[in-house]
$ cat query30.txt   # compact mmCIF, C-alpha atoms and all ligand atoms
# COMPACT_ATOMS: atom_id res chain seq x y z
CA MET M 29 68.68 94.41 61.39
CA VAL M 30 71.51 92.98 59.30
CA ALA M 31 72.46 89.44 58.30
CA ILE M 32 75.86 88.16 59.35
CA THR M 33 77.53 84.76 59.64
CA ILE M 34 79.15 83.58 62.86
CA ASN M 35 81.25 80.45 62.55
CA GLY M 36 79.34 79.47 59.41
CA LYS M 37 75.88 80.01 60.92
CA LYS M 38 73.58 82.82 59.69
CA HIS M 39 72.13 85.33 62.18
CA GLU M 40 69.89 88.41 62.01
CA VAL M 41 71.43 90.96 64.36
CA GLU M 42 71.02 94.57 65.40
CA GLU M 43 72.95 96.84 63.04
CA SER M 44 75.91 98.83 64.40
CA LYS M 45 75.95 96.97 67.70
CA ARG M 46 79.39 95.97 69.00
CA LEU M 47 80.36 92.57 67.61
CA LEU M 48 81.57 91.38 71.04
CA LEU M 49 78.08 91.98 72.48
CA ILE M 50 76.45 90.18 69.56
CA LEU M 51 78.77 87.19 70.04
CA ARG M 52 77.91 87.06 73.73
CA GLU M 53 74.18 87.30 72.98
CA LYS M 54 74.50 84.38 70.60
CA GLY M 55 76.28 82.32 73.23
CA VAL M 56 79.63 82.29 71.45
CA ARG M 57 82.52 81.94 73.95
CA ILE M 58 84.91 84.83 73.56
CA PRO M 59 87.57 85.99 76.02
CA SER M 60 87.68 89.66 76.99
CA LEU M 61 88.99 91.69 79.88
CA CYS M 62 88.94 95.39 79.05
CA PHE M 63 85.41 95.83 77.67
CA HIS M 64 82.61 97.40 79.70
CA HIS M 65 79.24 98.04 78.09
CA ALA M 66 78.97 101.49 79.72
CA LEU M 67 82.30 102.70 78.33
CA VAL M 68 83.78 103.37 74.92
CA PRO M 69 86.07 100.40 74.11
CA ALA M 70 89.77 100.94 74.73
CA ALA M 71 90.70 97.71 72.88
CA SER M 72 93.74 97.21 75.09
CA CYS M 73 93.64 93.59 76.27
CA LYS M 74 93.44 92.24 72.68
CA LEU M 75 91.81 89.02 73.86
CA CYS M 76 88.55 89.46 71.97
CA VAL M 77 90.25 89.08 68.59
CA VAL M 78 88.25 87.37 65.81
CA GLU M 79 88.62 86.90 62.06
CA ILE M 80 86.27 88.88 59.81
CA LYS M 81 85.73 88.49 56.08
CA GLU M 82 83.77 91.13 54.15
CA GLY M 83 82.91 90.75 50.47
CA ASP M 84 85.83 89.75 48.27
CA LYS M 85 88.46 91.06 50.67
CA PRO M 86 90.69 88.49 52.43
CA PRO M 87 89.84 87.76 56.10
CA ARG M 88 91.37 90.16 58.66
CA THR M 89 91.81 89.82 62.39
CA ARG M 90 89.89 92.49 64.32
CA LEU M 91 89.10 93.19 67.96
CA SER M 92 85.44 92.35 68.33
CA CYS M 93 84.84 94.94 71.05
CA ALA M 94 85.88 97.70 68.65
CA VAL M 95 83.92 96.48 65.60
CA LYS M 96 80.31 97.45 64.85
CA VAL M 97 78.41 94.82 62.89
CA ARG M 98 77.65 95.41 59.22
CA GLU M 99 75.60 93.55 56.65
CA GLY M 100 77.29 90.46 55.23
CA MET M 101 80.14 90.11 57.75
CA GLU M 102 81.51 86.58 58.07
CA VAL M 103 82.93 86.13 61.54
CA THR M 104 85.17 83.28 62.69
CA THR M 105 85.96 83.11 66.39
CA GLU M 106 88.25 80.06 66.38
CA SER M 107 91.09 79.79 63.83
CA ALA M 108 94.85 79.27 63.91
CA MET M 109 95.43 83.01 63.48
CA VAL M 110 92.95 83.93 66.23
CA HIS M 111 94.54 81.40 68.57
CA GLN M 112 98.03 82.71 67.88
CA MET M 113 96.96 86.31 68.51
CA ARG M 114 95.15 85.37 71.74
CA ASN M 115 98.31 83.58 72.89
CA THR M 116 100.35 86.73 72.26
CA ALA M 117 97.73 88.83 74.06
CA ILE M 118 97.65 86.57 77.11
CA GLY M 119 101.48 86.49 77.20
CA ASN M 120 101.57 90.30 77.25
CA LEU M 121 98.92 90.47 79.97
CA LEU M 122 100.82 87.98 82.12
CA LYS M 123 103.98 90.10 81.92
CA MET M 124 102.01 92.91 83.55
CA ALA M 125 99.94 90.86 85.99
CA PRO M 126 101.50 87.38 86.45
CA HIS M 127 99.46 86.63 89.57
CA ALA M 128 96.07 87.66 88.16
CA GLU M 129 93.83 84.66 88.64
CA ILE M 130 91.43 85.73 85.87
CA ILE M 131 94.17 85.63 83.20
CA HIS M 132 95.15 82.08 84.18
CA ARG M 133 91.46 81.12 84.20
CA ILE M 134 90.91 82.50 80.69
CA GLY M 135 94.11 80.73 79.56
CA ALA M 136 92.83 77.41 80.87
CA GLU M 137 89.34 77.91 79.42
CA PHE M 138 90.56 78.82 75.92
CA GLY M 139 93.58 76.50 75.77
CA LEU M 140 96.10 79.36 75.75
CA THR M 141 99.73 79.19 76.82
CA THR M 142 100.09 80.76 80.25
CA GLY M 143 103.13 78.82 81.49
CA GLN M 144 103.57 77.86 85.12
CA ARG M 145 101.73 80.04 87.57
CA PRO M 146 104.24 82.07 89.64
CA ASP M 147 104.27 80.85 93.23
CA GLY M 148 106.69 83.33 94.80
CA CYS M 149 109.42 80.70 95.18
CA ILE M 150 112.87 81.41 93.68
CA ARG M 151 114.01 77.77 94.07
CA CYS M 152 116.91 78.70 96.38
CA ARG M 153 116.27 75.50 98.42
CA LEU M 154 117.10 77.29 101.68
CA CYS M 155 113.96 75.79 103.25
CA VAL M 156 114.79 72.27 102.08
CA ARG M 157 118.42 72.54 103.21
CA VAL M 158 117.75 74.03 106.63
CA CYS M 159 115.06 71.45 107.36
CA SER M 160 117.37 68.61 106.39
CA ASP M 161 120.83 69.84 107.47
CA ILE M 162 120.08 71.81 110.65
CA ILE M 163 116.69 70.64 111.96
CA GLY M 164 117.06 67.07 110.71
CA ALA M 165 113.35 66.65 109.95
CA LYS M 166 113.70 66.29 106.14
CA ALA M 167 110.11 67.47 105.80
CA LEU M 168 110.62 69.21 102.45
CA SER M 169 111.90 68.15 99.07
CA MET M 170 112.09 69.46 95.50
CA VAL M 171 109.81 67.65 93.06
CA LYS M 172 109.58 68.09 89.28
CA ARG M 173 106.11 68.91 87.99
CA GLU M 174 105.45 69.75 84.35
CA GLY M 175 109.12 70.50 83.71
CA MET M 176 109.66 72.73 86.75
CA MET M 177 110.95 72.08 90.28
CA PHE M 178 108.62 72.74 93.22
CA VAL M 179 109.13 72.65 96.98
CA THR M 180 106.70 70.09 98.35
CA PRO M 181 106.11 68.26 101.62
CA SER M 182 108.41 65.26 101.51
CA GLU M 183 106.83 61.82 101.74
CA ALA M 184 109.59 60.36 103.89
CA GLY M 185 109.97 63.49 106.03
CA ASP M 186 108.39 64.45 109.27
CA CYS M 187 107.46 68.10 109.83
CA ILE M 188 107.78 69.13 113.47
CA GLY M 189 106.22 72.56 112.96
CA CYS M 190 109.27 74.58 114.01
CA GLY M 191 108.66 77.20 111.29
CA THR M 192 112.37 77.49 110.41
CA CYS M 193 111.57 77.07 106.70
CA ALA M 194 109.18 80.03 106.84
CA ASN M 195 111.69 82.12 108.79
CA ILE M 196 114.54 81.45 106.38
CA CYS M 197 112.54 81.81 103.13
CA PRO M 198 113.71 85.08 101.51
CA THR M 199 110.48 85.62 99.55
CA GLY M 200 107.79 84.61 102.02
CA ALA M 201 106.65 81.72 99.80
CA ILE M 202 106.37 79.50 102.88
CA ARG M 203 104.29 80.82 105.73
CA THR M 204 103.07 79.77 109.16
CA GLU M 205 99.62 80.51 110.49
CA ASP M 206 99.06 80.22 114.25
CA LYS M 207 95.36 80.05 115.09
CA GLU M 208 94.40 79.40 118.71
CA ASN M 209 96.49 76.38 119.66
CA VAL M 210 97.24 75.11 116.14
CA ARG M 211 100.11 76.02 113.81
CA THR M 212 99.73 75.38 110.07
CA ILE M 213 102.70 75.58 107.71
CA LEU M 214 101.87 76.21 104.06
CA ILE M 215 103.56 76.60 100.71
CA ARG M 216 101.26 77.90 97.99
CA ASP M 217 97.99 76.35 99.25
CA GLU M 218 99.63 73.05 100.12
CA VAL M 219 99.76 72.20 103.82
CA ILE M 220 103.23 71.05 104.88
CA GLY M 221 102.25 70.41 108.48
CA ARG M 222 99.58 71.14 111.08
CA HIS M 223 100.56 70.92 114.76
CA PRO M 224 99.21 71.65 118.24
CA LEU M 225 100.95 74.51 120.08
CA GLU M 226 102.16 74.60 123.69
CA ARG M 227 101.93 77.54 126.09
CA CYS M 228 104.89 79.43 127.57
CA ASP M 229 105.33 78.46 131.26
CA ILE M 230 105.74 82.13 132.24
CA CYS M 231 103.31 84.25 130.17
CA GLY M 232 100.93 81.50 129.04
CA ARG M 233 101.12 82.49 125.34
CA TYR M 234 101.04 79.70 122.70
CA PHE M 235 104.54 79.77 121.24
CA ALA M 236 105.94 76.42 120.00
CA THR M 237 104.62 73.11 118.75
CA THR M 238 104.62 70.02 120.95
CA ARG M 239 106.69 68.19 118.32
CA PHE M 240 109.30 70.96 118.28
CA LEU M 241 109.65 71.02 122.09
CA GLU M 242 110.04 67.23 122.11
CA HIS M 243 112.65 67.55 119.36
CA VAL M 244 114.64 70.13 121.37
CA LYS M 245 114.42 67.99 124.51
CA ALA M 246 115.68 64.92 122.61
CA ARG M 247 118.58 66.89 121.20
CA GLU M 248 119.50 68.40 124.56
CA ALA M 249 119.58 64.94 126.11
CA THR M 250 122.64 64.16 123.99
CA HIS M 251 124.36 67.36 125.26
CA PRO M 252 124.68 66.96 129.04
CA GLU M 253 126.33 70.39 129.37
CA GLU M 254 123.19 72.10 128.10
CA LYS M 255 121.22 74.17 130.59
CA GLU M 256 118.10 72.58 132.03
CA PRO M 257 115.36 72.58 129.39
CA HIS M 258 112.65 75.20 129.73
CA ARG M 259 109.35 75.98 128.01
CA HIS M 260 109.63 79.74 127.73
CA CYS M 261 108.62 81.79 124.70
CA PRO M 262 111.44 83.87 123.14
CA THR M 263 110.36 87.07 124.95
CA CYS M 264 110.18 85.46 128.39
CA ALA M 265 113.37 83.47 127.72
CA LYS M 266 115.18 86.73 126.97
CA LEU M 267 113.85 88.46 130.09
CA TYR M 268 114.62 85.38 132.19
CA SER M 269 118.17 85.04 130.88
CA SER M 270 119.02 88.74 131.41
CA ARG M 271 117.69 88.43 134.98
CA MET M 272 119.77 85.30 135.52
CA HIS M 273 122.77 87.11 134.06
CA ARG M 274 122.40 89.93 136.59
CA ILE M 275 122.20 87.40 139.44
CA THR M 276 125.06 85.15 138.32
CA ALA M 277 127.40 87.73 136.72
CA PRO M 278 129.32 88.55 139.97
CA LYS M 279 129.85 84.83 140.56
CA LEU M 280 131.02 84.27 136.99
CA SER M 281 133.38 87.24 137.06
CA LYS M 282 134.99 85.79 140.19
CA THR M 283 135.25 82.35 138.63
CA TYR M 284 137.09 83.76 135.62
CA GLY M 285 139.45 85.90 137.75
CA GLY M 286 137.64 89.18 137.19
CA LYS M 287 136.13 91.58 139.72
CA PRO M 288 132.57 90.98 140.80
CA ASP M 289 130.13 93.61 139.52
CA ALA M 290 129.10 96.26 142.00
S1 LIG A 301 110.08 78.29 99.43
FE1 LIG A 301 111.39 80.03 99.95
S2 LIG A 301 113.23 79.13 100.93
FE2 LIG A 301 112.14 77.45 99.84
S3 LIG A 301 113.11 77.36 97.82
FE3 LIG A 301 111.31 78.70 97.61
S4 LIG A 301 112.11 80.80 97.97
FE4 LIG A 301 113.70 79.35 98.70
S1 LIG A 302 87.82 93.30 75.17
FE1 LIG A 302 89.87 93.92 75.39
S2 LIG A 302 90.49 94.38 73.38
FE2 LIG A 302 88.43 93.80 73.17

$ encode --input "query30.txt" --output "structure tokens"
Amino acid sequence: MVAITINGKKHEVEESKRLLLILREKGVRIPSLCFHHALVPAASCKLCVVEIKEGDKPPRTRLSCAVKVREGMEVTTESAMVHQMRNTAIGNLLKMAPHAEIIHRIGAEFGLTTGQRPDGCIRCRLCVRVCSDIIGAKALSMVKREGMMFVTPSEAGDCIGCGTCANICPTGAIRTEDKENVRTILIRDEVIGRHPLERCDICGRYFATTRFLEHVKAREATHPEEKEPHRHCPTCAKLYSSRMHRITAPKLSKTYGGKPDA
């Protein structure tokens, strides 16, 4: 056994044991990602950094997973230098794995700078613009949170569940989930809208939300030249319209002065 000091408190500890393990045994919070007790330390994540003072020498920062305890060590786990080095370490880890939940969790737990969590959105505003300018629902808006703009469900808007935002999004940051007869539209984990789905009149498959079909009907009402409204899914609508084309093509050709098809 050897005597060491951890954050000013004396401890009798097993000689030559890894300092990281000793710190954990003593209940000292210390971040680490690359250490496994069954393997020789690689000391690559650099999160387990601490300050160690031995004898008359000035304190040095060391990686606690790589250090074996020795008599008289004075260990400090929280200092300005340690904090700065942990911040650098977490910044480097985030460059390699920006979506890794564990890194953000460690950052939050130890007060380290992790920046905004990437959410897959490139802030092109295609979703916001299409919803406002083409669909007319104004269900999305950009909102500033902690110095950065985010697409969020708009308070004044009214999502109709058409899914156009998800279809136009170039990165897949917005997605739709159709489960049974309900469509959910999400960005990050935030629900933009949740809507009941209607079945196709031909094949019976759920294909569009009630709100969307009502929206189309209301729009068509202002265009009397539009064809009679139908409730066909895209596949059936395509089959139906090519069948109709075959039936009406001779008539149309005649109308426009051409020869009827054979
Ligand atoms: S969610 Fe998609 S479409 Fe909307 S701003 Fe972000 S990347 Fe662009
Ligand atoms: S645990 Fe990763 S460097 Fe020590």

$ residues_near_ligand --input "query30.txt" --ligand "ligand LIG 302 (chain A)" --cutoff "9 Å" --atoms "all atoms listed in the file" --output "list in words"
Leu48, Pro59, Ser60, Leu61, Cys62, Phe63, His64, Pro69, Ala70, Ala71, Ser72, Cys73, Lys74, Leu75, Cys76, Val77, Leu91, Ser92, Cys93 and Ala94 of chain M

$ closest_residue --input "query30.txt" --among "M:Glu248, M:Asp84, M:Glu218, M:Glu226" --to "ligand LIG 301 (chain A)" --atoms "only C-alpha atoms and all ligand atoms"
M:Glu218

$ residues_near_ligand --input "query30.txt" --ligand "ligand LIG 301 (chain A)" --cutoff "10 Å" --atoms "only C-alpha atoms and all ligand atoms" --output "VMD selection string"
chain M and resid 147 to 158 168 to 170 177 to 180 192 to 203 214 to 216

$ residues_near_point --input "query30.txt" --point "(95.3, 83.5, 63.2)" --cutoff "12 Å" --atoms "only C-alpha atoms" --output "ChimeraX atom specification"
/M:77-80,87-90,104-116

$ atom_distance --input "query30.txt" --atom1 "CA of Asn35 in chain M" --atom2 "CA of Val103 in chain M"
6.0 Å

$ atom_distance --input "query30.txt" --atom1 "CA of Lys81 in chain M" --atom2 "CA of Gly36 in chain M"
11.5 Å

$ residues_around --input "query30.txt" --residues "range 119-126 of chain M" --least-positions-apart "4" --cutoff "9 Å" --atoms "only C-alpha atoms" --output "ChimeraX atom specification"
/M:73,114-115,131-132,141-143,145-146
